[in-house]
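Visitor: Input model.tsv, format and content: TSV, C-alpha atoms and all ligand atoms.
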chain	number	residue	atom	x	y	z
A	118	MET	CA	8.69	-13.36	16.30
A	119	GLY	CA	6.73	-14.24	13.17
A	120	GLU	CA	8.92	-17.07	11.84
A	121	GLY	CA	9.28	-16.57	8.09
A	122	ALA	CA	7.45	-13.25	8.14
A	123	LEU	CA	9.12	-10.35	6.35
A	124	LEU	CA	6.89	-7.93	8.22
A	125	ALA	CA	5.83	-9.00	11.69
A	126	VAL	CA	3.48	-6.96	13.82
A	127	ARG	CA	2.64	-7.73	17.45
A	128	GLY	CA	0.10	-6.12	19.73
A	129	LEU	CA	0.05	-2.94	17.67
A	130	THR	CA	-2.11	-0.22	19.18
A	131	ARG	CA	-2.91	3.37	18.35
A	132	ASP	CA	-5.06	5.67	20.43
A	133	PHE	CA	-6.52	9.00	19.38
A	134	ARG	CA	-7.46	10.95	22.46
A	135	GLY	CA	-8.68	7.89	24.32
A	136	PHE	CA	-10.21	6.24	21.24
A	137	ARG	CA	-8.42	3.03	20.30
A	138	ALA	CA	-8.38	2.99	16.46
A	139	VAL	CA	-5.95	0.04	16.27
A	140	ALA	CA	-6.36	-2.31	19.21
A	141	GLY	CA	-3.69	-4.97	19.52
A	142	VAL	CA	-3.10	-6.10	15.94
A	143	ASP	CA	-0.92	-9.11	15.16
A	144	LEU	CA	0.05	-9.51	11.52
A	145	ASP	CA	2.58	-11.69	9.71
A	146	VAL	CA	3.28	-10.81	6.11
A	147	VAL	CA	5.18	-13.65	4.46
A	148	ALA	CA	7.86	-12.75	1.90
A	149	GLY	CA	6.68	-13.03	-1.69
A	150	THR	CA	2.97	-12.89	-0.89
A	151	VAL	CA	0.23	-10.35	-1.54
A	152	HIS	CA	-1.52	-9.67	1.77
A	153	ALA	CA	-4.78	-7.74	1.71
A	154	LEU	CA	-6.21	-5.71	4.58
A	155	VAL	CA	-9.97	-5.34	4.33
A	156	GLY	CA	-12.75	-4.31	6.65
A	157	PRO	CA	-15.72	-2.01	7.01
A	158	ASN	CA	-15.40	1.78	7.16
A	159	GLY	CA	-13.59	2.98	10.23
A	160	ALA	CA	-12.10	-0.47	10.96
A	161	GLY	CA	-8.62	1.03	11.27
A	162	LYS	CA	-7.05	0.07	7.91
A	163	THR	CA	-5.65	3.50	7.12
A	164	THR	CA	-4.38	3.94	10.67
A	165	LEU	CA	-2.65	0.56	10.48
A	166	PHE	CA	-1.07	1.52	7.14
A	167	ASN	CA	0.16	4.77	8.63
A	168	LEU	CA	1.68	2.87	11.54
A	169	LEU	CA	3.45	0.45	9.19
A	170	THR	CA	4.99	3.30	7.19
A	171	GLY	CA	5.98	5.41	10.19
A	172	PHE	CA	3.52	8.21	9.36
A	173	LEU	CA	1.92	7.58	12.76
A	174	LYS	CA	3.67	6.42	15.91
A	175	PRO	CA	2.11	3.49	17.72
A	176	SER	CA	0.76	3.86	21.25
A	177	GLY	CA	1.95	0.31	21.91
A	178	GLY	CA	3.19	-2.86	20.27
A	179	ARG	CA	6.01	-3.73	17.92
A	180	ILE	CA	6.79	-3.80	14.20
A	181	GLU	CA	9.67	-5.83	12.77
A	182	LEU	CA	10.95	-5.72	9.21
A	183	ALA	CA	13.15	-8.70	8.31
A	184	GLY	CA	13.80	-9.26	12.00
A	185	ARG	CA	14.74	-5.65	12.70
A	186	ASP	CA	12.73	-3.54	15.11
A	187	VAL	CA	11.37	-0.55	13.17
A	188	THR	CA	8.73	0.50	15.72
A	189	GLY	CA	8.33	4.26	15.92
A	190	LEU	CA	10.94	5.12	13.25
A	191	PRO	CA	10.13	8.18	11.12
A	192	PRO	CA	8.72	7.57	7.61
A	193	GLU	CA	11.94	8.36	5.74
A	194	ARG	CA	13.87	5.79	7.81
A	195	VAL	CA	11.17	3.18	7.30
A	196	ALA	CA	11.23	3.90	3.56
A	197	ARG	CA	15.02	3.56	3.42
A	198	LEU	CA	14.79	0.23	5.21
A	199	GLY	CA	12.53	-0.99	2.42
A	200	VAL	CA	8.88	-0.18	3.06
A	201	ALA	CA	7.50	1.93	0.21
A	202	ARG	CA	4.01	3.20	-0.11
A	203	SER	CA	2.53	4.11	-3.44
A	204	PHE	CA	2.37	7.90	-3.49
A	205	GLN	CA	-0.83	9.87	-3.62
A	206	ILE	CA	-1.62	11.62	-6.87
A	207	THR	CA	-1.57	14.90	-5.00
A	208	SER	CA	2.16	14.47	-4.59
A	209	LEU	CA	2.84	14.42	-8.33
A	210	PHE	CA	4.39	17.54	-9.88
A	211	PRO	CA	2.00	18.67	-12.63
A	212	GLN	CA	4.67	19.86	-15.08
A	213	LEU	CA	7.16	17.00	-14.67
A	214	SER	CA	7.01	14.04	-17.00
A	215	GLY	CA	6.71	10.45	-15.83
A	216	ARG	CA	10.37	9.91	-16.66
A	217	GLU	CA	11.42	12.91	-14.57
A	218	HIS	CA	9.34	11.74	-11.62
A	219	VAL	CA	10.87	8.28	-11.64
A	220	GLU	CA	14.39	9.68	-12.13
A	221	LEU	CA	13.92	11.85	-9.04
A	222	ALA	CA	12.73	8.84	-7.07
A	223	LEU	CA	15.76	6.82	-8.23
A	224	GLN	CA	18.09	9.66	-7.23
A	225	SER	CA	16.57	10.02	-3.80
A	226	ALA	CA	16.69	6.23	-3.29
A	227	SER	CA	20.39	6.22	-4.21
A	228	GLY	CA	21.10	8.48	-1.25
A	229	LEU	CA	23.06	10.85	-3.50
A	230	GLY	CA	20.20	13.29	-3.27
A	231	TRP	CA	20.27	16.48	-5.26
A	232	ARG	CA	24.00	17.00	-5.70
A	233	PHE	CA	24.44	18.98	-8.87
A	234	TRP	CA	27.73	17.37	-9.80
A	235	ARG	CA	26.02	14.08	-10.65
A	236	SER	CA	27.92	12.42	-13.43
A	237	ALA	CA	26.48	12.06	-16.90
A	238	THR	CA	26.93	8.30	-16.63
A	239	LEU	CA	24.88	8.16	-13.47
A	240	MET	CA	22.14	10.30	-14.99
A	241	ARG	CA	22.03	8.03	-18.05
A	242	ARG	CA	21.65	5.03	-15.76
A	243	TYR	CA	18.75	6.70	-13.97
A	244	SER	CA	17.08	7.53	-17.30
A	245	GLU	CA	17.38	3.96	-18.52
A	246	ARG	CA	16.05	2.50	-15.30
A	247	ALA	CA	13.22	5.07	-15.23
A	248	LEU	CA	12.15	4.03	-18.73
A	249	GLU	CA	12.28	0.35	-17.73
A	250	LEU	CA	10.03	1.01	-14.75
A	251	LEU	CA	7.64	3.10	-16.83
A	252	ASP	CA	7.48	0.28	-19.38
A	253	MET	CA	6.70	-2.16	-16.59
A	254	VAL	CA	3.67	-0.14	-15.50
A	255	GLY	CA	2.53	0.43	-19.10
A	256	LEU	CA	3.63	4.06	-19.37
A	257	GLY	CA	6.54	3.56	-21.77
A	258	GLU	CA	4.72	5.39	-24.55
A	259	VAL	CA	3.89	8.43	-22.44
A	260	ALA	CA	7.19	8.73	-20.56
A	261	GLU	CA	7.67	12.36	-21.67
A	262	VAL	CA	4.10	13.54	-21.06
A	263	PRO	CA	3.64	15.93	-18.09
A	264	ALA	CA	1.93	14.18	-15.18
A	265	ASP	CA	-0.89	16.69	-15.30
A	266	ALA	CA	-1.91	15.51	-18.77
A	267	LEU	CA	-2.15	11.82	-17.81
A	268	ALA	CA	-5.56	10.21	-17.27
A	269	TYR	CA	-6.45	9.12	-13.73
A	270	GLY	CA	-5.53	5.44	-14.13
A	271	ARG	CA	-2.19	6.42	-15.62
A	272	LYS	CA	-1.44	8.76	-12.73
A	273	ARG	CA	-1.98	5.84	-10.38
A	274	ALA	CA	0.35	3.72	-12.53
A	275	LEU	CA	2.95	6.49	-12.29
A	276	GLU	CA	2.67	6.48	-8.48
A	277	LEU	CA	3.37	2.78	-8.61
A	278	ALA	CA	6.47	3.27	-10.79
A	279	ILE	CA	7.72	5.89	-8.29
A	280	ALA	CA	7.25	3.46	-5.40
A	281	LEU	CA	9.01	0.70	-7.37
A	282	ALA	CA	11.96	3.02	-8.00
A	283	LEU	CA	12.75	2.67	-4.29
A	284	ASP	CA	13.12	-1.08	-4.89
A	285	PRO	CA	11.17	-1.84	-1.71
A	286	LYS	CA	11.20	-5.05	0.30
A	287	VAL	CA	7.55	-4.42	1.06
A	288	LEU	CA	5.30	-2.47	-1.28
A	289	LEU	CA	2.23	-0.94	0.34
A	290	LEU	CA	-0.70	-0.18	-1.93
A	291	ASP	CA	-3.39	2.06	-0.53
A	292	GLU	CA	-6.66	1.28	-2.31
A	293	PRO	CA	-5.00	0.85	-5.71
A	294	THR	CA	-8.30	0.70	-7.61
A	295	ALA	CA	-10.18	3.44	-5.70
A	296	GLY	CA	-12.19	5.68	-7.98
A	297	MET	CA	-11.57	3.58	-11.09
A	298	GLY	CA	-13.98	2.34	-13.71
A	299	LEU	CA	-14.10	-1.38	-14.57
A	300	GLU	CA	-11.58	-1.16	-17.38
A	301	ASP	CA	-8.99	0.62	-15.26
A	302	VAL	CA	-9.63	-1.83	-12.42
A	303	ASP	CA	-8.83	-4.77	-14.72
A	304	ARG	CA	-5.75	-3.03	-16.03
A	305	THR	CA	-4.58	-2.28	-12.48
A	306	VAL	CA	-5.09	-5.89	-11.37
A	307	GLU	CA	-2.95	-7.04	-14.32
A	308	LEU	CA	-0.38	-4.42	-13.46
A	309	ILE	CA	-0.13	-5.49	-9.82
A	310	GLN	CA	0.12	-9.11	-10.96
A	311	ARG	CA	3.06	-8.08	-13.11
A	312	VAL	CA	4.91	-6.05	-10.50
A	313	ARG	CA	4.33	-8.46	-7.61
A	314	ALA	CA	6.80	-10.95	-9.04
A	315	GLY	CA	9.65	-11.26	-6.56
A	316	ARG	CA	8.04	-8.70	-4.25
A	317	THR	CA	5.97	-8.60	-1.10
A	318	VAL	CA	2.82	-6.52	-1.23
A	319	VAL	CA	0.45	-5.29	1.49
A	320	MET	CA	-2.70	-3.79	0.09
A	321	VAL	CA	-5.73	-2.03	1.52
A	322	GLU	CA	-8.54	-2.65	-0.92
A	323	HIS	CA	-12.30	-2.22	-0.75
A	324	ASN	CA	-13.13	-4.08	-3.93
A	325	MET	CA	-13.47	-7.74	-2.93
A	326	SER	CA	-13.20	-9.05	-6.47
A	327	VAL	CA	-9.80	-7.34	-6.73
A	328	VAL	CA	-8.81	-8.89	-3.40
A	329	GLY	CA	-9.95	-12.31	-4.64
A	330	ARG	CA	-7.86	-12.02	-7.79
A	331	LEU	CA	-4.68	-10.76	-6.14
A	332	ALA	CA	-4.36	-11.70	-2.51
A	333	ASP	CA	-2.71	-14.81	-1.10
A	334	ARG	CA	-3.82	-13.91	2.43
A	335	VAL	CA	-6.53	-11.64	3.69
A	336	SER	CA	-6.78	-10.03	7.13
A	337	VAL	CA	-10.17	-8.63	8.02
A	338	LEU	CA	-10.11	-5.72	10.45
A	339	GLN	CA	-13.05	-4.69	12.53
A	340	ALA	CA	-13.06	-2.04	15.23
A	341	GLY	CA	-9.26	-1.99	15.30
A	342	ARG	CA	-8.82	-5.75	15.66
A	343	ILE	CA	-8.11	-8.60	13.29
A	344	LEU	CA	-11.42	-10.43	13.06
A	345	VAL	CA	-10.33	-13.21	10.68
A	346	GLU	CA	-7.18	-14.03	8.75
A	347	GLY	CA	-6.70	-16.59	6.02
A	348	PRO	CA	-6.90	-17.33	2.29
A	349	TYR	CA	-9.56	-15.33	0.41
A	350	GLU	CA	-12.01	-18.19	-0.20
A	351	GLN	CA	-12.02	-19.08	3.47
A	352	VAL	CA	-12.34	-15.50	4.65
A	353	ARG	CA	-15.19	-14.54	2.33
A	354	ALA	CA	-17.24	-17.52	3.51
A	355	ASP	CA	-16.66	-16.80	7.20
A	356	GLU	CA	-19.88	-15.96	9.02
A	357	ARG	CA	-18.13	-13.39	11.23
A	358	VAL	CA	-16.90	-11.50	8.18
A	359	ILE	CA	-20.31	-11.51	6.52
A	360	THR	CA	-21.89	-10.23	9.72
A	361	ALA	CA	-19.25	-7.50	10.12
A	362	TYR	CA	-19.89	-6.24	6.58
A	363	LEU	CA	-23.66	-6.44	6.86
A	364	GLY	CA	-23.45	-4.56	10.15
A	365	ALA	CA	-21.40	-1.86	8.46
A	366	ALA	CA	-23.77	-1.78	5.48
A	367	THR	CA	-26.73	-0.92	7.65
A	368	GLY	CA	-24.61	1.93	9.02
A	369	GLU	CA	-22.95	3.79	6.15
A	370	GLY	CA	-23.55	1.35	3.31
A	371	LYS	CA	-20.26	1.97	1.49
A	372	GLU	CA	-19.28	-1.69	1.63
A	373	SER	CA	-22.60	-3.32	0.96
A	374	GLY	CA	-22.42	-6.01	-1.69
A	375	HIS	CA	-18.62	-5.98	-1.93
A	376	VAL	CA	-18.14	-8.99	0.26
A	377	ALA	CA	-19.86	-11.25	-2.24
A	378	GLY	CA	-17.20	-10.15	-4.78
B	401	LIG	N1	-6.32	11.52	13.50
B	401	LIG	C1	-7.40	10.94	14.06
B	401	LIG	N2	-7.98	11.47	15.17
B	401	LIG	C2	-9.04	10.88	15.74
B	401	LIG	N3	-9.63	9.76	15.29
B	401	LIG	C3	-9.09	9.18	14.19
B	401	LIG	C4	-7.96	9.73	13.52
B	401	LIG	N4	-7.66	8.92	12.46
B	401	LIG	C5	-8.57	7.93	12.48
B	401	LIG	N5	-9.43	8.07	13.52
B	401	LIG	C6	-10.54	7.17	13.86
B	401	LIG	O1	-10.04	5.86	13.92
B	401	LIG	C7	-10.97	4.92	13.35
B	401	LIG	C8	-10.29	4.15	12.24
B	401	LIG	O2	-10.09	5.02	11.12
B	401	LIG	P1	-9.34	4.54	9.80
B	401	LIG	O3	-9.32	5.70	8.87
B	401	LIG	O4	-8.05	3.91	10.13
B	401	LIG	O5	-10.35	3.43	9.26
B	401	LIG	P2	-10.41	2.74	7.82
B	401	LIG	O6	-10.61	1.30	8.06
B	401	LIG	O7	-9.23	3.14	7.01
B	401	LIG	O8	-11.73	3.37	7.22
B	401	LIG	P3	-12.12	3.68	5.66
B	401	LIG	O9	-12.33	2.35	5.02
B	401	LIG	O10	-13.38	4.45	5.80
B	401	LIG	O11	-10.98	4.46	5.08
B	401	LIG	C9	-12.16	5.74	12.88
B	401	LIG	O12	-13.16	5.68	13.87
B	401	LIG	C10	-11.60	7.15	12.77
B	401	LIG	O13	-12.61	8.10	13.02
Is it possible to express this structure as structure tokens?

Guide:
Amino acid sequence: MGEGALLAVRGLTRDFRGFRAVAGVDLDVVAGTVHALVGPNGAGKTTLFNLLTGFLKPSGGRIELAGRDVTGLPPERVARLGVARSFQITSLFPQLSGREHVELALQSASGLGWRFWRSATLMRRYSERALELLDMVGLGEVAEVPADALAYGRKRALELAIALALDPKVLLLDEPTAGMGLEDVDRTVELIQRVRAGRTVVMVEHNMSVVGRLADRVSVLQAGRILVEGPYEQVRADERVITAYLGAATGEGKESGHVAG
């Protein structure tokens, strides 16, 4: 299934007490691409993300990662097999520095866990790699600053470094620019452009201009189904997509204007 797709999803469904939030989704994420999931409020993007990472179990359908069936596996197994999601800020430890956070992520990814007899050599290797990753996300200068003292945009960058420490096959970004001002949005777009090299990224993103700048492919979800899939320019001009967003805008309004990006 899904020739050439690193992540291949078929007929994926999730019901909540009789309500079908994800209703038979097919998705092929090609290795090396940035694939955006967009859609009006309540379309099922978050539910789909949770299914892909194992945080929710599907009611039906199948998910394959590099040809291997990962349907219904628990989140830690999915993560070990190479699907990493950028952490939520709420999961950062206020007193730990960026370096310490990334070192912990590297340790847990190594499978050696918390053994206290870790060798000094190994610890040095983790420190070096942690600093490299922090440099990559633009936090090299503040590596020793407690997470609590970092500005919002920098906390998000730290989450990204933590996800990268797992060296994922597929990196999932959940609204990477949510709540950011213009300057941070631009910085985050540049950052994702930098870290996407050699990686595969699936991203839920509301801001259409961000999608336009980053995504190779866009899947538009509506009412739990894929409405349209294709390159950004094609998708944004599609009448069905415009109608879906306008329909949503007359409802809750959150998305209005974004589609014009
Ligand atoms: N745990 C749950 N129990 C019941 N219904 C749920 C649950 N989680 C999601 N839903 C419903 O499923 C639908 C899809 O929700 P979801 O959060 O996946 O949409 P979304 O596209 O991420 O929306 P938004 O852009 O607003 O975050 C919504 O109607 C929501 O109310």

Visitor: What is the atom O9 of ligand LIG 401 (chain B) to CA of Leu173 (chain A) distance in Å?

Guide: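 So the two atoms, atom O9 of ligand LIG 401 (chain B) and CA of Leu173 (chain A), lie 17.0 Å apart.
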
Visitor: If the limit is 9 Å from any atom of ligand LIG 401 (chain B), counting all atoms listed in the file, which residues qualify? Return them as a ChimeraX atom specification.

Guide: /A:131-134,136-139,154-167,321-323,338-341,371-372

Visitor: Looking at A:Ala264, A:Ile180, A:Ala140, A:Val147, which one is nearest to Ser208 (chain A), with distances taken over all atoms listed in the file?

Guide: A:Ala264

Visitor: CA of Gly199 (chain A) and CA of Val142 (chain A), how far apart in Å?

Guide: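 Rounded to one decimal, the two atoms are 21.3 Å apart.
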
Visitor: Using all atoms listed in the file, can you tell me which of A:Arg241, A:Arg202, A:Arg304, A:Arg316 comes closest to Ala280 (chain A)?

Guide: A:Arg202

Visitor: Counting all atoms listed in the file, figure out which residue out of A:Ala237, A:Val287, A:Leu221, A:Val335 gets nearest to Thr317 (chain A).

Guide: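 That would be A:Val287, the residue with the smallest distance to Thr317 (chain A).
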
Visitor: Report, in Å to a single decimal, how far apart CA of Gly149 (chain A) and CA of Leu331 (chain A) are.

Guide: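 CA of Leu331 (chain A) sits 12.4 Å away from CA of Gly149 (chain A).
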
Visitor: Which one is closest to Glu258 (chain A): A:Ala222, A:Asp186, A:Asp284, A:Arg216? Count all atoms listed in the file.

Guide: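 Looking at the shortest contact to Glu258 (chain A), the residue is A:Arg216.
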
Visitor: Using only C-alpha atoms, can you tell me which of A:Leu283, A:Gly177, A:Gly128, A:Leu168 comes closest to Gln224 (chain A)?

Guide: A:Leu283

Visitor: Smallest atom-to-atom distance to Glu249 (chain A): which of A:Asp303, A:Ile279, A:Gly298, A:Thr150, using only C-alpha atoms?

Guide: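 So, comparing all the options, the nearest one is A:Ile279.
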
Visitor: Would you mind listing what lies within 12 Å of Glu307 (chain A) as a compact mmCIF listing (two decimals) with C-alpha atoms, in the frame of the given file, with all atoms listed in the file counted and same-chain residues fewer than 5 positions away left out?

Guide:
# COMPACT_ATOMS: atom_id res chain seq x y z
CA MET A 253 6.70 -2.16 -16.59
CA VAL A 254 3.67 -0.14 -15.50
CA GLY A 255 2.53 0.43 -19.10
CA ALA A 274 0.35 3.72 -12.53
CA PRO A 293 -5.00 0.85 -5.71
CA THR A 294 -8.30 0.70 -7.61
CA GLU A 300 -11.58 -1.16 -17.38
CA ASP A 301 -8.99 0.62 -15.26
CA VAL A 302 -9.63 -1.83 -12.42
CA VAL A 312 4.91 -6.05 -10.50
CA ARG A 313 4.33 -8.46 -7.61
CA ALA A 314 6.80 -10.95 -9.04
CA VAL A 327 -9.80 -7.34 -6.73
CA ARG A 330 -7.86 -12.02 -7.79
CA LEU A 331 -4.68 -10.76 -6.14

Visitor: Need to verify the contact set: Thr170 (chain A), 8 Å, only C-alpha atoms, exclusion of same-chain residues closer than 5 positions in sequence. Can you return it as JSON, numbers by chain?

Guide: {"A": [192, 195, 196, 200, 201, 202]}
